[in-house]
Amino acid sequence: MKVVVTFPIPDVAKQMISEQAVLQCWESEESIPTSTLIDWATDADAILTTLTCSIDSELLAHAQQLKVISTVSVGVDHIDVDAAAEHGVIVGHTPGVLTDSTADLTLALMLGVGRRVAEGDALIRSGAWSDGWKPNLLLGTDLSGATVGLIGLGPIGQAVATRLKGFGCRVLASNRTLRSVEGIELVDRDILLSTADIVSLHTALTPETSGMIGRRELALMQDGAMLINTARGALVDEAALVAEIKSGRLRAGLDVYAEEPLPLASELRELPGCVLLPHVGSATERTRRAMFELALANLFAGLQGRDLPARLGAA
Ligand code: DGY
């Protein structure tokens, strides 16, 4: 059997894989070139990968022996899951273990934008804070008591809601499937957009959700409202968002972008009124370890023909 790993992994993991299969591991921090991955995948039984590596129908057509793809991510938008199913390839991912870290970071962005944390930090570092406390210095908005609208009420959305209750927030949510959760008001998406002080995205990126927050949806948001995105950049029409932030009407806290890394030419980088993070929602030591361990468990289960601990689409 052969396992392809598309990113550098610790020696101990290499050892574990090598005990069961021939290992072919991409050792560079640069992404594996598509042509190399296709070549390696030709006789692979399993692929261990991350969200930066696209696994499309072309690759799957070449990988005739492939049984399992295990991704170190909860999101699977980098994998053509329909083509995988057509080829009888099982997909494993890492739900659950990153819920708390991602929810924590969502709150960090809400507070960071509302209380202008990055601007305050920059003010001091630049030496421009020269006259001490001032009554109107960096006035922001409170998270306490705010109305927050969650689009998507899966585990991460619910974990965000739990945290927001501690801030005395009114929590609204819109979800594809009606999911009643105590203390959360389920509302129509347009009502949520036009009512909330803060709109936060917690839905998977699929062909149906791609671009779901476009010019029309942004225009529905209240003046001064904030968009938080720790899910996927392509959920939002980034150009329309830039226009709204540029005009000073909306603010944003973003951890994810339509194109990652965020291109140097992106106007977002120049705009006050937004806090930008480099896709670090799950980036704590504990969570990343848990994600990697779950992905390895998925990989081994797939290789051995057992049920995956976290198979995509399993109930
Ligand atoms: C995921 O797992 O999908 C996150 O975006 C990165 O941890």
# chains A, B, ... in the order shown; residues from 1 in each chain; ligands from 1
$ residues_near_ligand --ligand "ligand 1" --cutoff "10 Å" --atoms "only C-alpha atoms and all ligand atoms" --output "PDB file with C-alpha atoms, in the first residue's frame"
ATOM      1  CA  THR A  50      -4.641  19.965   4.114  1.00  0.00           C
ATOM      2  CA  LEU A  51      -6.986  22.640   2.828  1.00  0.00           C
ATOM      3  CA  THR A  52      -4.278  24.308   0.724  1.00  0.00           C
ATOM      4  CA  THR A  71      -7.770  16.133   5.309  1.00  0.00           C
ATOM      5  CA  VAL A  72      -6.485  17.999   8.349  1.00  0.00           C
ATOM      6  CA  SER A  73      -9.437  20.391   8.248  1.00  0.00           C
ATOM      7  CA  VAL A  74     -13.142  20.400   8.907  1.00  0.00           C
ATOM      8  CA  GLY A  75     -13.773  22.198   5.617  1.00  0.00           C
ATOM      9  CA  VAL A  76     -13.662  20.048   2.488  1.00  0.00           C
ATOM     10  CA  ASP A  77     -14.193  22.679  -0.200  1.00  0.00           C
ATOM     11  CA  HIS A  78     -10.716  21.904  -1.586  1.00  0.00           C
ATOM     12  CA  HIS A  93     -12.068  15.370   7.981  1.00  0.00           C
ATOM     13  CA  THR A  94     -11.699  16.878  11.445  1.00  0.00           C
ATOM     14  CA  PRO A  95     -15.002  18.201  12.806  1.00  0.00           C
ATOM     15  CA  GLY A  96     -15.470  18.911  16.503  1.00  0.00           C
ATOM     16  CA  VAL A  97     -11.873  19.249  17.609  1.00  0.00           C
ATOM     17  CA  LEU A  98     -11.529  22.821  16.317  1.00  0.00           C
ATOM     18  CA  THR A  99     -14.935  24.117  17.373  1.00  0.00           C
ATOM     19  CA  SER A 101     -10.672  27.450  19.083  1.00  0.00           C
ATOM     20  CA  THR A 102     -12.564  28.792  16.078  1.00  0.00           C
ATOM     21  CA  ALA A 204     -19.488  25.527   4.909  1.00  0.00           C
ATOM     22  CA  LEU A 205     -18.403  26.652   1.454  1.00  0.00           C
ATOM     23  CA  THR A 230     -13.957  32.777  10.223  1.00  0.00           C
ATOM     24  CA  ALA A 231     -15.499  30.270   7.785  1.00  0.00           C
ATOM     25  CA  ARG A 232     -14.454  30.654   4.141  1.00  0.00           C
ATOM     26  CA  GLY A 233     -13.614  33.780   2.155  1.00  0.00           C
ATOM     27  CA  ASP A 255      -9.736  35.354   9.092  1.00  0.00           C
ATOM     28  CA  VAL A 256     -10.402  33.970   5.617  1.00  0.00           C
ATOM     29  CA  HIS A 279      -6.618  31.966   8.540  1.00  0.00           C
ATOM     30  CA  VAL A 280      -5.725  31.033  12.106  1.00  0.00           C
ATOM     31  CA  GLY A 281      -9.145  30.063  13.502  1.00  0.00           C
ATOM     32  CA  SER A 282      -7.933  26.645  14.601  1.00  0.00           C
ATOM     33  CA  ALA A 283      -4.344  27.665  15.266  1.00  0.00           C
ATOM     34  CA  THR A 284      -3.734  26.668  18.856  1.00  0.00           C
ATOM     35  CA  THR A 287      -6.303  22.052  18.521  1.00  0.00           C
ATOM     36  CA  ARG A 288      -3.807  21.554  15.721  1.00  0.00           C
ATOM     37  CA  MET A 291      -6.782  17.808  14.207  1.00  0.00           C
TER      38      MET A 291
END
$ residues_around --residues "segment 302-311 of chain A" --least-positions-apart "4" --cutoff "6 Å" --atoms "only C-alpha atoms" --output "PDB file with N, CA and C atoms, in the first residue's frame"
ATOM      1  N   VAL A  68      -8.910   6.366   0.294  1.00  0.00           N
ATOM      2  CA  VAL A  68      -9.278   7.354   1.305  1.00  0.00           C
ATOM      3  C   VAL A  68      -8.474   8.645   1.137  1.00  0.00           C
ATOM      4  N   VAL A  91     -13.885  10.141   2.239  1.00  0.00           N
ATOM      5  CA  VAL A  91     -13.217  11.363   2.694  1.00  0.00           C
ATOM      6  C   VAL A  91     -13.365  11.476   4.217  1.00  0.00           C
ATOM      7  N   GLY A  92     -12.226  11.689   4.890  1.00  0.00           N
ATOM      8  CA  GLY A  92     -12.239  11.935   6.336  1.00  0.00           C
ATOM      9  C   GLY A  92     -11.822  13.363   6.601  1.00  0.00           C
ATOM     10  N   HIS A  93     -12.425  13.986   7.632  1.00  0.00           N
ATOM     11  CA  HIS A  93     -12.068  15.370   7.981  1.00  0.00           C
ATOM     12  C   HIS A  93     -12.020  15.515   9.498  1.00  0.00           C
ATOM     13  N   ASN A 298      -8.241   8.814  10.866  1.00  0.00           N
ATOM     14  CA  ASN A 298      -9.060   8.614   9.660  1.00  0.00           C
ATOM     15  C   ASN A 298      -8.272   7.872   8.582  1.00  0.00           C
TER      16      ASN A 298
END
$ closest_residue --among "A:Ala258, A:Leu23, A:Ala252, A:Ala290" --to "Asp237 of chain A" --atoms "only C-alpha atoms"
A:Ala258
$ closest_residue --among "A:Cys53, A:Gln64, A:Phe300, A:Ala103" --to "Val89 of chain A" --atoms "only C-alpha atoms"
A:Gln64
$ closest_atom_pairs --of "segment 174-288 of chain A" --to "segment 134-147 of chain A" --cutoff "7 Å" --atoms "only C-alpha atoms" --output "CSV"
residue,atom,partner,partner_atom,distance
A:Ala196,CA,A:Thr147,CA,5.0
A:Asp197,CA,A:Thr147,CA,5.3
A:Ile198,CA,A:Thr147,CA,6.6
$ atom_distance --atom1 "atom CA of Asp188 of chain A" --atom2 "atom CA of Ile156 of chain A"
19.5 Å
$ select_by_dssp --residues "segment 37-106 of chain A" --states "strand (DSSP E)" --output "ChimeraX atom specification"
/A:46-49,68-71,90-92
$ atom_distance --atom1 "atom CA of Ser200 of chain A" --atom2 "atom CA of Gly157 of chain A"
8.4 Å
$ select_by_dssp --residues "segment 14-167 of chain A" --states "alpha helix (DSSP H)" --output "number ranges by chain"
A: 14-18, 34-41, 57-62, 81-86, 99-114, 117-125, 155-166
$ residues_around --residues "Glu119 of chain A" --least-positions-apart "3" --cutoff "10 Å" --atoms "only C-alpha atoms" --output "ChimeraX atom specification"
/A:112-113,115-116,122-125,138,272-275
$ write_last_selection --atoms "all heavy atoms" --output "JSON list (two decimals), in the first residue's frame"
[["chain", "number", "residue", "atom", "x", "y", "z"],
["A", 112, "GLY", "N", -12.03, 42.69, 18.68],
["A", 112, "GLY", "CA", -10.92, 43.41, 18.06],
["A", 112, "GLY", "C", -11.40, 44.54, 17.15],
["A", 112, "GLY", "O", -10.86, 45.64, 17.17],
["A", 113, "VAL", "N", -12.44, 44.25, 16.37],
["A", 113, "VAL", "CA", -12.98, 45.29, 15.48],
["A", 113, "VAL", "C", -13.73, 46.33, 16.31],
["A", 113, "VAL", "O", -13.51, 47.54, 16.17],
["A", 113, "VAL", "CB", -13.93, 44.68, 14.42],
["A", 113, "VAL", "CG1", -14.57, 45.77, 13.56],
["A", 113, "VAL", "CG2", -13.18, 43.69, 13.54],
["A", 115, "ARG", "N", -13.60, 47.18, 19.46],
["A", 115, "ARG", "CA", -12.81, 48.00, 20.38],
["A", 115, "ARG", "C", -11.51, 48.51, 19.77],
["A", 115, "ARG", "O", -10.65, 49.05, 20.44],
["A", 115, "ARG", "CB", -12.54, 47.22, 21.68],
["A", 115, "ARG", "CG", -13.81, 46.82, 22.42],
["A", 115, "ARG", "CD", -14.71, 48.02, 22.71],
["A", 115, "ARG", "NE", -13.99, 49.05, 23.44],
["A", 115, "ARG", "CZ", -13.89, 49.09, 24.77],
["A", 115, "ARG", "NH1", -14.51, 48.19, 25.50],
["A", 115, "ARG", "NH2", -13.19, 50.03, 25.36],
["A", 116, "ARG", "N", -11.37, 48.32, 18.46],
["A", 116, "ARG", "CA", -10.28, 48.91, 17.68],
["A", 116, "ARG", "C", -8.90, 48.53, 18.22],
["A", 116, "ARG", "O", -8.00, 49.35, 18.35],
["A", 116, "ARG", "CB", -10.48, 50.42, 17.62],
["A", 116, "ARG", "CG", -11.87, 50.77, 17.07],
["A", 116, "ARG", "CD", -12.19, 52.22, 17.08],
["A", 116, "ARG", "NE", -11.32, 52.98, 16.18],
["A", 116, "ARG", "CZ", -11.43, 54.29, 15.98],
["A", 116, "ARG", "NH1", -12.41, 54.97, 16.59],
["A", 116, "ARG", "NH2", -10.62, 54.91, 15.18],
["A", 122, "ALA", "N", -1.28, 49.72, 16.91],
["A", 122, "ALA", "CA", -0.48, 50.43, 15.90],
["A", 122, "ALA", "C", -0.14, 51.84, 16.35],
["A", 122, "ALA", "O", 0.96, 52.35, 16.09],
["A", 122, "ALA", "CB", -1.24, 50.46, 14.57],
["A", 123, "LEU", "N", -1.09, 52.47, 17.05],
["A", 123, "LEU", "CA", -0.87, 53.85, 17.52],
["A", 123, "LEU", "C", 0.34, 53.91, 18.46],
["A", 123, "LEU", "O", 1.22, 54.76, 18.32],
["A", 123, "LEU", "CB", -2.13, 54.32, 18.26],
["A", 123, "LEU", "CG", -2.16, 55.79, 18.67],
["A", 123, "LEU", "CD1", -2.56, 56.65, 17.48],
["A", 123, "LEU", "CD2", -3.16, 56.00, 19.81],
["A", 124, "ILE", "N", 0.39, 52.97, 19.37],
["A", 124, "ILE", "CA", 1.50, 52.96, 20.33],
["A", 124, "ILE", "C", 2.81, 52.61, 19.64],
["A", 124, "ILE", "O", 3.83, 53.28, 19.81],
["A", 124, "ILE", "CB", 1.21, 51.98, 21.49],
["A", 124, "ILE", "CG1", 0.05, 52.50, 22.32],
["A", 124, "ILE", "CG2", 2.46, 51.79, 22.35],
["A", 124, "ILE", "CD1", -0.20, 51.78, 23.60],
["A", 125, "ARG", "N", 2.77, 51.57, 18.83],
["A", 125, "ARG", "CA", 4.02, 51.13, 18.16],
["A", 125, "ARG", "C", 4.60, 52.22, 17.26],
["A", 125, "ARG", "O", 5.81, 52.33, 17.11],
["A", 125, "ARG", "CB", 3.77, 49.88, 17.32],
["A", 125, "ARG", "CG", 3.58, 48.64, 18.16],
["A", 125, "ARG", "CD", 3.26, 47.45, 17.28],
["A", 125, "ARG", "NE", 2.70, 46.38, 18.08],
["A", 125, "ARG", "CZ", 3.41, 45.51, 18.78],
["A", 125, "ARG", "NH1", 4.73, 45.59, 18.79],
["A", 125, "ARG", "NH2", 2.82, 44.58, 19.50],
["A", 138, "LEU", "N", -10.03, 56.63, 20.14],
["A", 138, "LEU", "CA", -10.38, 55.28, 19.69],
["A", 138, "LEU", "C", -11.72, 54.78, 20.23],
["A", 138, "LEU", "O", -11.81, 53.66, 20.74],
["A", 138, "LEU", "CB", -9.26, 54.29, 20.05],
["A", 138, "LEU", "CG", -7.97, 54.40, 19.23],
["A", 138, "LEU", "CD1", -6.93, 53.41, 19.75],
["A", 138, "LEU", "CD2", -8.22, 54.15, 17.75],
["A", 272, "PRO", "N", -8.81, 51.03, 7.07],
["A", 272, "PRO", "CA", -9.13, 50.98, 8.49],
["A", 272, "PRO", "C", -10.56, 50.43, 8.61],
["A", 272, "PRO", "O", -11.25, 50.30, 7.61],
["A", 272, "PRO", "CB", -9.07, 52.46, 8.91],
["A", 272, "PRO", "CG", -9.31, 53.23, 7.66],
["A", 272, "PRO", "CD", -8.86, 52.37, 6.50],
["A", 273, "GLY", "N", -10.95, 50.05, 9.80],
["A", 273, "GLY", "CA", -12.32, 49.54, 9.93],
["A", 273, "GLY", "C", -12.38, 48.05, 9.71],
["A", 273, "GLY", "O", -13.44, 47.45, 9.66],
["A", 274, "CYS", "N", -11.20, 47.43, 9.52],
["A", 274, "CYS", "CA", -11.23, 45.97, 9.50],
["A", 274, "CYS", "C", -9.98, 45.41, 10.17],
["A", 274, "CYS", "O", -8.94, 46.05, 10.21],
["A", 274, "CYS", "CB", -11.41, 45.40, 8.10],
["A", 274, "CYS", "SG", -10.22, 45.89, 6.89],
["A", 275, "VAL", "N", -10.18, 44.23, 10.74],
["A", 275, "VAL", "CA", -9.07, 43.50, 11.36],
["A", 275, "VAL", "C", -8.87, 42.25, 10.50],
["A", 275, "VAL", "O", -9.83, 41.53, 10.21],
["A", 275, "VAL", "CB", -9.38, 43.12, 12.81],
["A", 275, "VAL", "CG1", -8.33, 42.18, 13.37],
["A", 275, "VAL", "CG2", -9.48, 44.37, 13.68]]
$ closest_residue --among "A:Pro261, A:Gly248, A:Gly88, A:Pro207" --to "Ala234 of chain A" --atoms "only C-alpha atoms"
A:Pro207
$ residues_around --residues "Ser18 of chain A" --least-positions-apart "4" --cutoff "12 Å" --atoms "only C-alpha atoms" --output "list in words"
Met1, Lys2, Val3, Val4, Val5, Asp11, Val12, Ala13, Lys14, Val22, Leu23, Gln24, Cys25 and Phe300 of chain A
$ write_last_selection --atoms "all heavy atoms" --output "mmCIF file, in the first residue's frame"
data_model
loop_
_atom_site.group_PDB
_atom_site.id
_atom_site.type_symbol
_atom_site.label_atom_id
_atom_site.label_comp_id
_atom_site.auth_asym_id
_atom_site.auth_seq_id
_atom_site.Cartn_x
_atom_site.Cartn_y
_atom_site.Cartn_z
ATOM 1 N N MET A 1 0.840 -1.202 0.000
ATOM 2 C CA MET A 1 0.000 0.000 0.000
ATOM 3 C C MET A 1 0.872 1.249 0.000
ATOM 4 O O MET A 1 1.996 1.212 0.480
ATOM 5 C CB MET A 1 -0.892 -0.007 1.244
ATOM 6 C CG MET A 1 -2.094 -0.936 1.067
ATOM 7 S SD MET A 1 -3.374 -0.662 2.259
ATOM 8 C CE MET A 1 -2.595 -1.232 3.742
ATOM 9 N N LYS A 2 0.317 2.325 -0.521
ATOM 10 C CA LYS A 2 1.098 3.566 -0.564
ATOM 11 C C LYS A 2 0.265 4.745 -0.048
ATOM 12 O O LYS A 2 -0.916 4.880 -0.388
ATOM 13 C CB LYS A 2 1.545 3.846 -2.005
ATOM 14 C CG LYS A 2 2.305 5.167 -2.133
ATOM 15 C CD LYS A 2 2.852 5.345 -3.533
ATOM 16 C CE LYS A 2 2.718 6.784 -3.962
ATOM 17 N NZ LYS A 2 3.122 7.014 -5.346
ATOM 18 N N VAL A 3 0.920 5.566 0.789
ATOM 19 C CA VAL A 3 0.279 6.763 1.325
ATOM 20 C C VAL A 3 1.038 7.984 0.828
ATOM 21 O O VAL A 3 2.263 8.063 0.967
ATOM 22 C CB VAL A 3 0.294 6.751 2.871
ATOM 23 C CG1 VAL A 3 -0.202 8.084 3.427
ATOM 24 C CG2 VAL A 3 -0.553 5.602 3.407
ATOM 25 N N VAL A 4 0.305 8.936 0.271
ATOM 26 C CA VAL A 4 0.891 10.219 -0.136
ATOM 27 C C VAL A 4 0.503 11.269 0.899
ATOM 28 O O VAL A 4 -0.671 11.393 1.264
ATOM 29 C CB VAL A 4 0.370 10.636 -1.532
ATOM 30 C CG1 VAL A 4 0.711 12.089 -1.825
ATOM 31 C CG2 VAL A 4 0.946 9.717 -2.604
ATOM 32 N N VAL A 5 1.509 12.000 1.373
ATOM 33 C CA VAL A 5 1.261 13.091 2.320
ATOM 34 C C VAL A 5 1.700 14.379 1.628
ATOM 35 O O VAL A 5 2.823 14.467 1.139
ATOM 36 C CB VAL A 5 2.029 12.872 3.642
ATOM 37 C CG1 VAL A 5 1.765 14.022 4.602
ATOM 38 C CG2 VAL A 5 1.630 11.544 4.276
ATOM 39 N N ASP A 11 8.438 13.312 12.320
ATOM 40 C CA ASP A 11 9.066 11.997 12.096
ATOM 41 C C ASP A 11 8.238 10.865 12.701
ATOM 42 O O ASP A 11 8.132 9.785 12.116
ATOM 43 C CB ASP A 11 10.475 11.980 12.713
ATOM 44 C CG ASP A 11 11.427 12.794 11.850
ATOM 45 O OD1 ASP A 11 11.061 13.085 10.683
ATOM 46 O OD2 ASP A 11 12.513 13.137 12.344
ATOM 47 N N VAL A 12 7.663 11.127 13.868
ATOM 48 C CA VAL A 12 6.909 10.064 14.530
ATOM 49 C C VAL A 12 5.717 9.638 13.669
ATOM 50 O O VAL A 12 5.388 8.442 13.572
ATOM 51 C CB VAL A 12 6.499 10.495 15.972
ATOM 52 C CG1 VAL A 12 5.672 11.756 15.969
ATOM 53 C CG2 VAL A 12 5.759 9.389 16.689
ATOM 54 N N ALA A 13 5.090 10.596 12.998
ATOM 55 C CA ALA A 13 3.953 10.259 12.126
ATOM 56 C C ALA A 13 4.449 9.514 10.883
ATOM 57 O O ALA A 13 3.807 8.559 10.421
ATOM 58 C CB ALA A 13 3.204 11.528 11.722
ATOM 59 N N LYS A 14 5.616 9.937 10.397
ATOM 60 C CA LYS A 14 6.182 9.223 9.233
ATOM 61 C C LYS A 14 6.433 7.763 9.592
ATOM 62 O O LYS A 14 6.149 6.857 8.817
ATOM 63 C CB LYS A 14 7.514 9.869 8.835
ATOM 64 C CG LYS A 14 7.358 11.155 8.098
ATOM 65 C CD LYS A 14 8.731 11.604 7.634
ATOM 66 C CE LYS A 14 8.671 13.028 7.167
ATOM 67 N NZ LYS A 14 9.943 13.692 7.191
ATOM 68 N N VAL A 22 4.005 2.221 2.108
ATOM 69 C CA VAL A 22 5.108 3.008 1.535
ATOM 70 C C VAL A 22 4.678 4.470 1.614
ATOM 71 O O VAL A 22 3.561 4.811 1.224
ATOM 72 C CB VAL A 22 5.330 2.607 0.059
ATOM 73 C CG1 VAL A 22 6.351 3.522 -0.596
ATOM 74 C CG2 VAL A 22 5.734 1.151 -0.016
ATOM 75 N N LEU A 23 5.560 5.306 2.154
ATOM 76 C CA LEU A 23 5.198 6.717 2.364
ATOM 77 C C LEU A 23 5.880 7.593 1.326
ATOM 78 O O LEU A 23 7.087 7.486 1.101
ATOM 79 C CB LEU A 23 5.634 7.141 3.774
ATOM 80 C CG LEU A 23 5.575 8.641 4.081
ATOM 81 C CD1 LEU A 23 4.134 9.149 4.062
ATOM 82 C CD2 LEU A 23 6.210 8.928 5.444
ATOM 83 N N GLN A 24 5.113 8.484 0.716
ATOM 84 C CA GLN A 24 5.692 9.502 -0.155
ATOM 85 C C GLN A 24 5.213 10.845 0.396
ATOM 86 O O GLN A 24 4.016 11.154 0.363
ATOM 87 C CB GLN A 24 5.216 9.291 -1.597
ATOM 88 C CG GLN A 24 6.126 9.914 -2.607
ATOM 89 C CD GLN A 24 5.949 9.310 -3.994
ATOM 90 O OE1 GLN A 24 4.895 8.750 -4.309
ATOM 91 N NE2 GLN A 24 6.954 9.434 -4.836
ATOM 92 N N CYS A 25 6.158 11.598 0.958
ATOM 93 C CA CYS A 25 5.778 12.811 1.695
ATOM 94 C C CYS A 25 6.406 14.047 1.062
ATOM 95 O O CYS A 25 7.610 14.072 0.795
ATOM 96 C CB CYS A 25 6.249 12.668 3.148
ATOM 97 S SG CYS A 25 5.792 14.068 4.181
ATOM 98 N N PHE A 300 -5.608 5.857 8.864
ATOM 99 C CA PHE A 300 -5.349 4.447 9.175
ATOM 100 C C PHE A 300 -6.625 3.609 9.058
ATOM 101 O O PHE A 300 -6.604 2.495 8.550
ATOM 102 C CB PHE A 300 -4.724 4.304 10.563
ATOM 103 C CG PHE A 300 -3.295 4.801 10.605
ATOM 104 C CD1 PHE A 300 -2.870 5.672 11.579
ATOM 105 C CD2 PHE A 300 -2.385 4.398 9.639
ATOM 106 C CE1 PHE A 300 -1.563 6.148 11.599
ATOM 107 C CE2 PHE A 300 -1.069 4.866 9.650
ATOM 108 C CZ PHE A 300 -0.663 5.741 10.636
#
$ residues_around --residues "Leu227 of chain A" --least-positions-apart "3" --cutoff "9 Å" --atoms "only C-alpha atoms" --output "PyMOL selection string"
chain A and resi 110+197-201+218+221+241+250-254
$ write_last_selection --atoms "N, CA and C atoms" --output "CSV table (one decimal), in the first residue's frame"
chain,number,residue,atom,x,y,z
A,110,MET,N,-14.6,39.9,16.9
A,110,MET,CA,-15.7,40.8,17.2
A,110,MET,C,-15.2,41.9,18.2
A,197,ASP,N,-26.2,43.9,14.7
A,197,ASP,CA,-25.1,44.8,14.8
A,197,ASP,C,-23.9,44.1,14.2
A,198,ILE,N,-23.8,42.8,14.4
A,198,ILE,CA,-22.7,42.0,14.0
A,198,ILE,C,-23.3,40.8,13.3
A,199,VAL,N,-22.8,40.5,12.1
A,199,VAL,CA,-23.1,39.3,11.3
A,199,VAL,C,-21.9,38.4,11.3
A,200,SER,N,-22.1,37.2,11.7
A,200,SER,CA,-20.9,36.3,11.7
A,200,SER,C,-21.2,35.0,10.9
A,201,LEU,N,-20.3,34.6,10.1
A,201,LEU,CA,-20.5,33.5,9.1
A,201,LEU,C,-20.0,32.2,9.7
A,218,LEU,N,-25.0,42.7,1.7
A,218,LEU,CA,-24.2,43.7,2.5
A,218,LEU,C,-25.0,45.0,2.6
A,221,MET,N,-27.3,45.3,5.5
A,221,MET,CA,-26.8,45.4,6.8
A,221,MET,C,-26.9,46.9,7.3
A,241,LEU,N,-17.6,43.9,-0.4
A,241,LEU,CA,-17.3,44.2,1.0
A,241,LEU,C,-16.3,45.3,1.1
A,250,LEU,N,-19.6,49.9,6.6
A,250,LEU,CA,-19.5,48.6,7.3
A,250,LEU,C,-18.0,48.4,7.9
A,251,ARG,N,-17.9,47.6,8.9
A,251,ARG,CA,-16.6,47.2,9.4
A,251,ARG,C,-16.5,45.7,9.2
A,252,ALA,N,-15.3,45.1,9.3
A,252,ALA,CA,-15.2,43.7,9.2
A,252,ALA,C,-14.0,43.1,10.0
A,253,GLY,N,-14.2,41.9,10.4
A,253,GLY,CA,-13.1,41.1,11.0
A,253,GLY,C,-13.0,39.8,10.2
A,254,LEU,N,-11.9,39.6,9.6
A,254,LEU,CA,-11.8,38.5,8.6
A,254,LEU,C,-10.6,37.6,9.0
$ residues_around --residues "segment 264-269 of chain A" --least-positions-apart "4" --cutoff "9 Å" --atoms "only C-alpha atoms" --output "MDAnalysis selection string"
chainID A and resid 238:239 241:242 245:246 274 276
$ closest_residue --among "A:Ala161, A:Ile151, A:Leu277, A:Val187" --to "Met212 of chain A" --atoms "only C-alpha atoms"
A:Ile151
$ atom_distance --atom1 "atom CA of Leu312 of chain A" --atom2 "atom CA of Ala295 of chain A"
11.8 Å
$ closest_residue --among "A:Gln20, A:His202, A:Arg179, A:Ile69" --to "Val160 of chain A" --atoms "only C-alpha atoms"
A:His202
$ closest_residue --among "A:Asp104, A:Glu285, A:Asp45, A:Glu217" --to "Ala63 of chain A" --atoms "only C-alpha atoms"
A:Asp45
$ decode --residues "segment 292-297 of chain A" --atoms "all heavy atoms" --output "PDB file, in the first residue's frame"
ATOM      1  N   PHE A 292      -4.588  16.898  13.761  1.00  0.00           N
ATOM      2  CA  PHE A 292      -3.640  15.998  13.098  1.00  0.00           C
ATOM      3  C   PHE A 292      -3.873  14.554  13.546  1.00  0.00           C
ATOM      4  O   PHE A 292      -3.879  13.622  12.730  1.00  0.00           O
ATOM      5  CB  PHE A 292      -2.210  16.464  13.391  1.00  0.00           C
ATOM      6  CG  PHE A 292      -1.173  15.734  12.596  1.00  0.00           C
ATOM      7  CD1 PHE A 292      -1.165  15.794  11.210  1.00  0.00           C
ATOM      8  CD2 PHE A 292      -0.214  14.964  13.222  1.00  0.00           C
ATOM      9  CE1 PHE A 292      -0.221  15.105  10.459  1.00  0.00           C
ATOM     10  CE2 PHE A 292       0.739  14.263  12.489  1.00  0.00           C
ATOM     11  CZ  PHE A 292       0.734  14.342  11.100  1.00  0.00           C
ATOM     12  N   GLU A 293      -4.113  14.389  14.851  1.00  0.00           N
ATOM     13  CA  GLU A 293      -4.331  13.022  15.365  1.00  0.00           C
ATOM     14  C   GLU A 293      -5.606  12.421  14.764  1.00  0.00           C
ATOM     15  O   GLU A 293      -5.635  11.248  14.391  1.00  0.00           O
ATOM     16  CB  GLU A 293      -4.414  13.045  16.896  1.00  0.00           C
ATOM     17  CG  GLU A 293      -3.033  13.196  17.523  1.00  0.00           C
ATOM     18  CD  GLU A 293      -3.067  13.458  19.026  1.00  0.00           C
ATOM     19  OE1 GLU A 293      -4.163  13.421  19.628  1.00  0.00           O
ATOM     20  OE2 GLU A 293      -1.981  13.713  19.567  1.00  0.00           O
ATOM     21  N   LEU A 294      -6.657  13.238  14.660  1.00  0.00           N
ATOM     22  CA  LEU A 294      -7.906  12.734  14.080  1.00  0.00           C
ATOM     23  C   LEU A 294      -7.717  12.402  12.594  1.00  0.00           C
ATOM     24  O   LEU A 294      -8.208  11.369  12.106  1.00  0.00           O
ATOM     25  CB  LEU A 294      -9.026  13.771  14.277  1.00  0.00           C
ATOM     26  CG  LEU A 294     -10.416  13.397  13.764  1.00  0.00           C
ATOM     27  CD1 LEU A 294     -10.860  12.018  14.252  1.00  0.00           C
ATOM     28  CD2 LEU A 294     -11.445  14.462  14.165  1.00  0.00           C
ATOM     29  N   ALA A 295      -6.964  13.250  11.905  1.00  0.00           N
ATOM     30  CA  ALA A 295      -6.716  12.984  10.477  1.00  0.00           C
ATOM     31  C   ALA A 295      -5.909  11.696  10.306  1.00  0.00           C
ATOM     32  O   ALA A 295      -6.175  10.905   9.394  1.00  0.00           O
ATOM     33  CB  ALA A 295      -5.992  14.168   9.847  1.00  0.00           C
ATOM     34  N   LEU A 296      -4.941  11.468  11.184  1.00  0.00           N
ATOM     35  CA  LEU A 296      -4.168  10.216  11.112  1.00  0.00           C
ATOM     36  C   LEU A 296      -5.070   9.014  11.397  1.00  0.00           C
ATOM     37  O   LEU A 296      -4.984   7.983  10.728  1.00  0.00           O
ATOM     38  CB  LEU A 296      -3.036  10.226  12.144  1.00  0.00           C
ATOM     39  CG  LEU A 296      -1.700  10.846  11.746  1.00  0.00           C
ATOM     40  CD1 LEU A 296      -0.681  10.652  12.859  1.00  0.00           C
ATOM     41  CD2 LEU A 296      -1.162  10.252  10.442  1.00  0.00           C
ATOM     42  N   ALA A 297      -5.938   9.167  12.401  1.00  0.00           N
ATOM     43  CA  ALA A 297      -6.861   8.067  12.729  1.00  0.00           C
ATOM     44  C   ALA A 297      -7.774   7.770  11.542  1.00  0.00           C
ATOM     45  O   ALA A 297      -8.050   6.602  11.219  1.00  0.00           O
ATOM     46  CB  ALA A 297      -7.676   8.421  13.975  1.00  0.00           C
TER      47      ALA A 297
END
